[in-house]
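Asker: Let me give you the structure first, and then I'll get to my questions.
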Amino acid sequence: MSRLTNWLDERIGIRGIRETLLDRKIPKGVGWPYVLGSVSLFLFTLQVVTGILLAMNYSPSPEHAHSSVSYMMQKIPMGSVVRGLHHWGASFMVVAVTLHLLRTFFYGAYKYPRELTWITGIFIWLLVLGFGFTGYLLPWDQKAYWATMVGANIASQAPFLGPAIAKVLRGGEALGAVTLTRFYAFHVLLLPALTALLIGFHLFLVVRIGISAPPEKEDKNKP
Amino acid sequence: MEKNNPPPSLPDTDSRRNFLKQGIFIMGGLITAGIGVPAVTYFLAPLWQKEEEDWTEVGTVAELPVGEPFKIDFVQRKRDGWMTVEGRSSAWAVTVDGEQFTVFDPRCTHLGCPYRWDAEKKKFLCPCHNAVFSVTGEVLAGPPPRPLDRFPVKVAGGKLFIKPAQKKGEG
Ligand code: FES
């Protein structure tokens, strides 16, 4: 193992990279509230892995979507486990990312110099909600259909642009085959690409700037 | 702060740092296994899924000719993932007593051409590379490496059923 490390170290300086990434200095007093970011990252990885597997057995067409899902659940070994992980992982992800956001807000961790970390984080949170909305339609059952109907109608309530937004979301006047392929493309291509980019930048900032100390009643550390 | 080396008096394994390190590796390993095992099982599913071919009814025994091989055409319902597709298929069948049937895969065992029964020569002839098979499927001439393949057959309620198997590597 250390021979491999030496080999890599000589060429790309792996020890330095590891120290920068993992042996970062962290402020005094950090505790459990600070794990939420890592939890979110773990869940994102889980969703990517299980999502890739699900896509191998899924067909985004009104004719096949539902039966391909039930085929996967009944006929593929571990199919229900993989789908269950993705299903629950999705709910947990919304919870974890939201709690992470609230933690950052209430600890005042969004302040100078971490505004960019905060802003990218907000966009990641919005993308996670987008994942939830688009992924919900894919099983193509009654719940999925009507939930998306409601979602698209909410969008159409917005003044002026609303109807246009709903039309673009649905891919037409009515919810149907095109909506399903569009949502599938959003869910497995567009959103993952954007999210991965933003997470990369977010993590770069976390490593670069470091994380904030927990707030204190009186800031004794001030010079 | 420099690196946190354990005090020299303590062996390396006793340090708190090492304990935590090991704990993290063990927990990480368990989580990875917990997700990895289902994921790999799922990914490799095609390896341990067996194709269940259903018995296909191909005719009424009483109406089938005895002695001479005959071609049977039937509609085969195949499972294709979550879909059931119907396809026209055929097979060559022969019976000597009207009770025991032999049903041959209609594809030549050489390279898969459809062969036919020549009623005058009393042999199966394959047009592609001039293979000749006997009425029992033995290779009499030509390049085929083995006798004609047979489908499982059963007779139930006066009807003839076969199980047309997909050969390996064919779609
Ligand atoms: S395919 Fe029948 S002889 Fe070659």
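The way I read the labels, and the way they are meant: chains A, B, ... in the order of the structure tokens, residue 1 as the first residue of every chain, and ligand 1 as the first ligand shown, with later ones counted on from there.
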With only C-alpha atoms as the counted atoms, please give the residues lying no more than 12 Å from B:Val155, apart from itself and same-chain residues fewer than 3 positions off, as an NGL selection string.
Answerer: :B and (55-62 or 98-102 or 152 or 158-163)
Asker: Which of stretch 2-140 of chain B counts as alpha helix (DSSP H) under DSSP, as a PyMOL selection string please?
Answerer: chain B and resi 16-43
Asker: Could you turn the residues from that selection into a file that holds C-alpha atoms, as a compact mmCIF listing (two decimals), in the first residue's frame?
Answerer:
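The resulting file, selection-v7.txt, is shown below:
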```txt
# COMPACT_ATOMS: atom_id res chain seq x y z
CA ARG B 16 -6.96 6.96 20.01
CA ARG B 17 -6.21 8.13 16.50
CA ASN B 18 -5.73 4.58 15.30
CA PHE B 19 -8.82 3.34 17.08
CA LEU B 20 -10.95 5.96 15.39
CA LYS B 21 -9.27 5.33 12.06
CA GLN B 22 -10.06 1.64 12.26
CA GLY B 23 -13.60 2.34 13.37
CA ILE B 24 -14.12 4.56 10.35
CA PHE B 25 -12.68 1.94 8.01
CA ILE B 26 -14.86 -0.80 9.48
CA MET B 27 -18.03 1.27 9.31
CA GLY B 28 -17.19 2.48 5.83
CA GLY B 29 -16.54 -1.10 4.78
CA LEU B 30 -19.88 -2.27 6.18
CA ILE B 31 -21.79 0.51 4.45
CA THR B 32 -19.98 -0.14 1.18
CA ALA B 33 -20.76 -3.86 1.44
CA GLY B 34 -24.39 -3.16 2.38
CA ILE B 35 -24.88 -1.16 -0.79
CA GLY B 36 -22.34 -2.96 -2.95
CA VAL B 37 -23.73 -6.47 -2.57
CA PRO B 38 -27.28 -5.61 -3.72
CA ALA B 39 -25.87 -3.37 -6.44
CA VAL B 40 -23.61 -6.06 -7.87
CA THR B 41 -26.34 -8.71 -7.57
CA TYR B 42 -28.72 -6.43 -9.44
CA PHE B 43 -26.17 -5.56 -12.10
```
Asker: Enumerate residues in contact with ligand 1: an atom-to-atom distance of at most 9 Å, counting only C-alpha atoms and all ligand atoms. Format the result as a VMD selection string.
Answerer: chain B and resid 107 to 115 125 to 132 142 to 144
Asker: Can I get the selection written as a compact mmCIF listing (two decimals), in the first residue's frame, with N, CA and C atoms?
Answerer:
```txt
# COMPACT_ATOMS: atom_id res chain seq x y z
N ARG B 107 -33.76 -24.73 -37.33
CA ARG B 107 -32.52 -24.13 -37.81
C ARG B 107 -31.44 -25.20 -37.95
N CYS B 108 -30.80 -25.20 -39.06
CA CYS B 108 -29.71 -26.12 -39.32
C CYS B 108 -28.62 -25.93 -38.26
N THR B 109 -28.04 -27.04 -37.81
CA THR B 109 -27.03 -26.94 -36.75
C THR B 109 -25.69 -26.44 -37.28
N HIS B 110 -25.62 -26.23 -38.59
CA HIS B 110 -24.38 -25.65 -39.11
C HIS B 110 -24.36 -24.16 -38.83
N LEU B 111 -25.09 -23.38 -39.62
CA LEU B 111 -25.08 -21.94 -39.39
C LEU B 111 -26.48 -21.36 -39.31
N GLY B 112 -27.47 -22.22 -39.10
CA GLY B 112 -28.79 -21.71 -38.78
C GLY B 112 -29.75 -21.50 -39.93
N CYS B 113 -29.43 -21.99 -41.10
CA CYS B 113 -30.38 -21.86 -42.21
C CYS B 113 -31.61 -22.74 -41.96
N PRO B 114 -32.75 -22.33 -42.53
CA PRO B 114 -33.92 -23.20 -42.42
C PRO B 114 -33.79 -24.34 -43.45
N TYR B 115 -33.87 -25.55 -42.98
CA TYR B 115 -33.79 -26.71 -43.89
C TYR B 115 -35.21 -27.16 -44.21
N LEU B 125 -32.93 -31.59 -46.08
CA LEU B 125 -31.85 -30.98 -46.85
C LEU B 125 -31.71 -29.52 -46.46
N CYS B 126 -30.47 -29.11 -46.28
CA CYS B 126 -30.24 -27.69 -46.00
C CYS B 126 -29.68 -27.05 -47.25
N PRO B 127 -30.32 -26.00 -47.76
CA PRO B 127 -29.90 -25.42 -49.03
C PRO B 127 -28.60 -24.61 -48.94
N CYS B 128 -28.23 -24.19 -47.74
CA CYS B 128 -27.11 -23.25 -47.65
C CYS B 128 -25.78 -23.89 -48.01
N HIS B 129 -25.48 -25.02 -47.36
CA HIS B 129 -24.19 -25.66 -47.65
C HIS B 129 -24.38 -27.16 -47.86
N ASN B 130 -25.56 -27.50 -48.37
CA ASN B 130 -25.84 -28.87 -48.79
C ASN B 130 -25.74 -29.91 -47.68
N ALA B 131 -26.19 -29.56 -46.50
CA ALA B 131 -26.20 -30.57 -45.44
C ALA B 131 -27.36 -31.53 -45.67
N VAL B 132 -27.16 -32.76 -45.24
CA VAL B 132 -28.23 -33.76 -45.34
C VAL B 132 -28.39 -34.39 -43.96
N GLY B 142 -22.35 -33.19 -45.29
CA GLY B 142 -22.26 -31.74 -45.13
C GLY B 142 -21.58 -31.33 -43.85
N PRO B 143 -21.50 -30.03 -43.66
CA PRO B 143 -20.66 -29.48 -42.59
C PRO B 143 -21.25 -29.44 -41.16
N PRO B 144 -22.52 -29.73 -40.92
CA PRO B 144 -23.02 -29.52 -39.55
C PRO B 144 -22.25 -30.34 -38.52
```
Asker: Need the shell around stretch 54-61 of chain A: protein/DNA/RNA residues with any atom at most 7 Å away, counting only C-alpha atoms. Skip same-chain ones fewer than 3 positions apart. Format as a PyMOL selection string?
Answerer: chain A and resi 50-51+64-65+68-69+72+83+177+180-181+184
Asker: Generate a file of the selected residues that holds C-alpha atoms, formatted as a PDB file, in the first residue's frame.
Answerer:
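Once everything was written out, this is again.pdb:
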```
ATOM      1  CA  THR A  50     -28.811   3.276  -7.461  1.00  0.00           C
ATOM      2  CA  GLY A  51     -30.127   5.621 -10.159  1.00  0.00           C
ATOM      3  CA  HIS A  64     -43.705   0.584 -20.704  1.00  0.00           C
ATOM      4  CA  ALA A  65     -42.799   2.747 -17.709  1.00  0.00           C
ATOM      5  CA  SER A  68     -40.755  -1.999 -16.539  1.00  0.00           C
ATOM      6  CA  VAL A  69     -40.787  -0.852 -12.922  1.00  0.00           C
ATOM      7  CA  MET A  72     -37.637  -4.797 -11.990  1.00  0.00           C
ATOM      8  CA  ARG A  83     -35.368   0.777  -5.902  1.00  0.00           C
ATOM      9  CA  ALA A 177     -45.614  10.678 -23.359  1.00  0.00           C
ATOM     10  CA  LEU A 180     -42.437  11.508 -19.324  1.00  0.00           C
ATOM     11  CA  THR A 181     -39.440  11.616 -21.655  1.00  0.00           C
ATOM     12  CA  TYR A 184     -36.667  11.487 -17.565  1.00  0.00           C
TER      13      TYR A 184
END
```
Asker: Rounded to one decimal, what separation in Å do you get between atom CA of A:His100 and atom CA of A:Leu22?
Answerer: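 So the two atoms, atom CA of A:His100 and atom CA of A:Leu22, lie 20.0 Å apart.
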Asker: Identify all chain A residues at most 8 Å from chain B by counting only C-alpha atoms; ligands do not count. Present them as an NGL selection string.
Answerer: :A and (50 or 53 or 64 or 67-68 or 71 or 76-79 or 81-82)
Asker: One decimal, Å: what's the distance from atom CA of A:Arg208 over to atom CA of A:Pro113, could you say?
Answerer: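 Those two atoms sit 10.9 Å apart.
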Asker: Quick one: distance from atom CA of B:Ala156 to atom CA of B:Gln76 in Å, one decimal?
Answerer: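 Atom CA of B:Ala156 sits 18.1 Å away from atom CA of B:Gln76.
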Asker: Considering only C-alpha atoms, return as JSON, numbers by chain whatever protein or nucleic-acid residues lie within 9 Å of A:Gly121, sequence-local ones (same chain, fewer than 3 positions apart) excluded.
Answerer: {"A": [97, 101, 116, 117, 118, 124, 125, 126, 198, 199, 202]}
Asker: Write out as JSON, numbers by chain the residues lying within 12 Å of stretch 193-195 of chain A, counting only C-alpha atoms and excluding same-chain residues fewer than 5 positions away.
Answerer: {"A": [41, 44, 45, 48, 120, 121, 122, 123, 124, 125, 126, 127, 128, 129, 130, 131, 185, 186, 187, 188, 200, 201, 202, 203]}
Asker: Once DSSP has gone over the backbone, tell me which residues of chain B are in strand (DSSP E), as a ChimeraX atom specification.
Answerer: /B:56-60,70-80,83-95,101-104,116-118,123-126,131-133,139-141,150-151,153-156,159-162
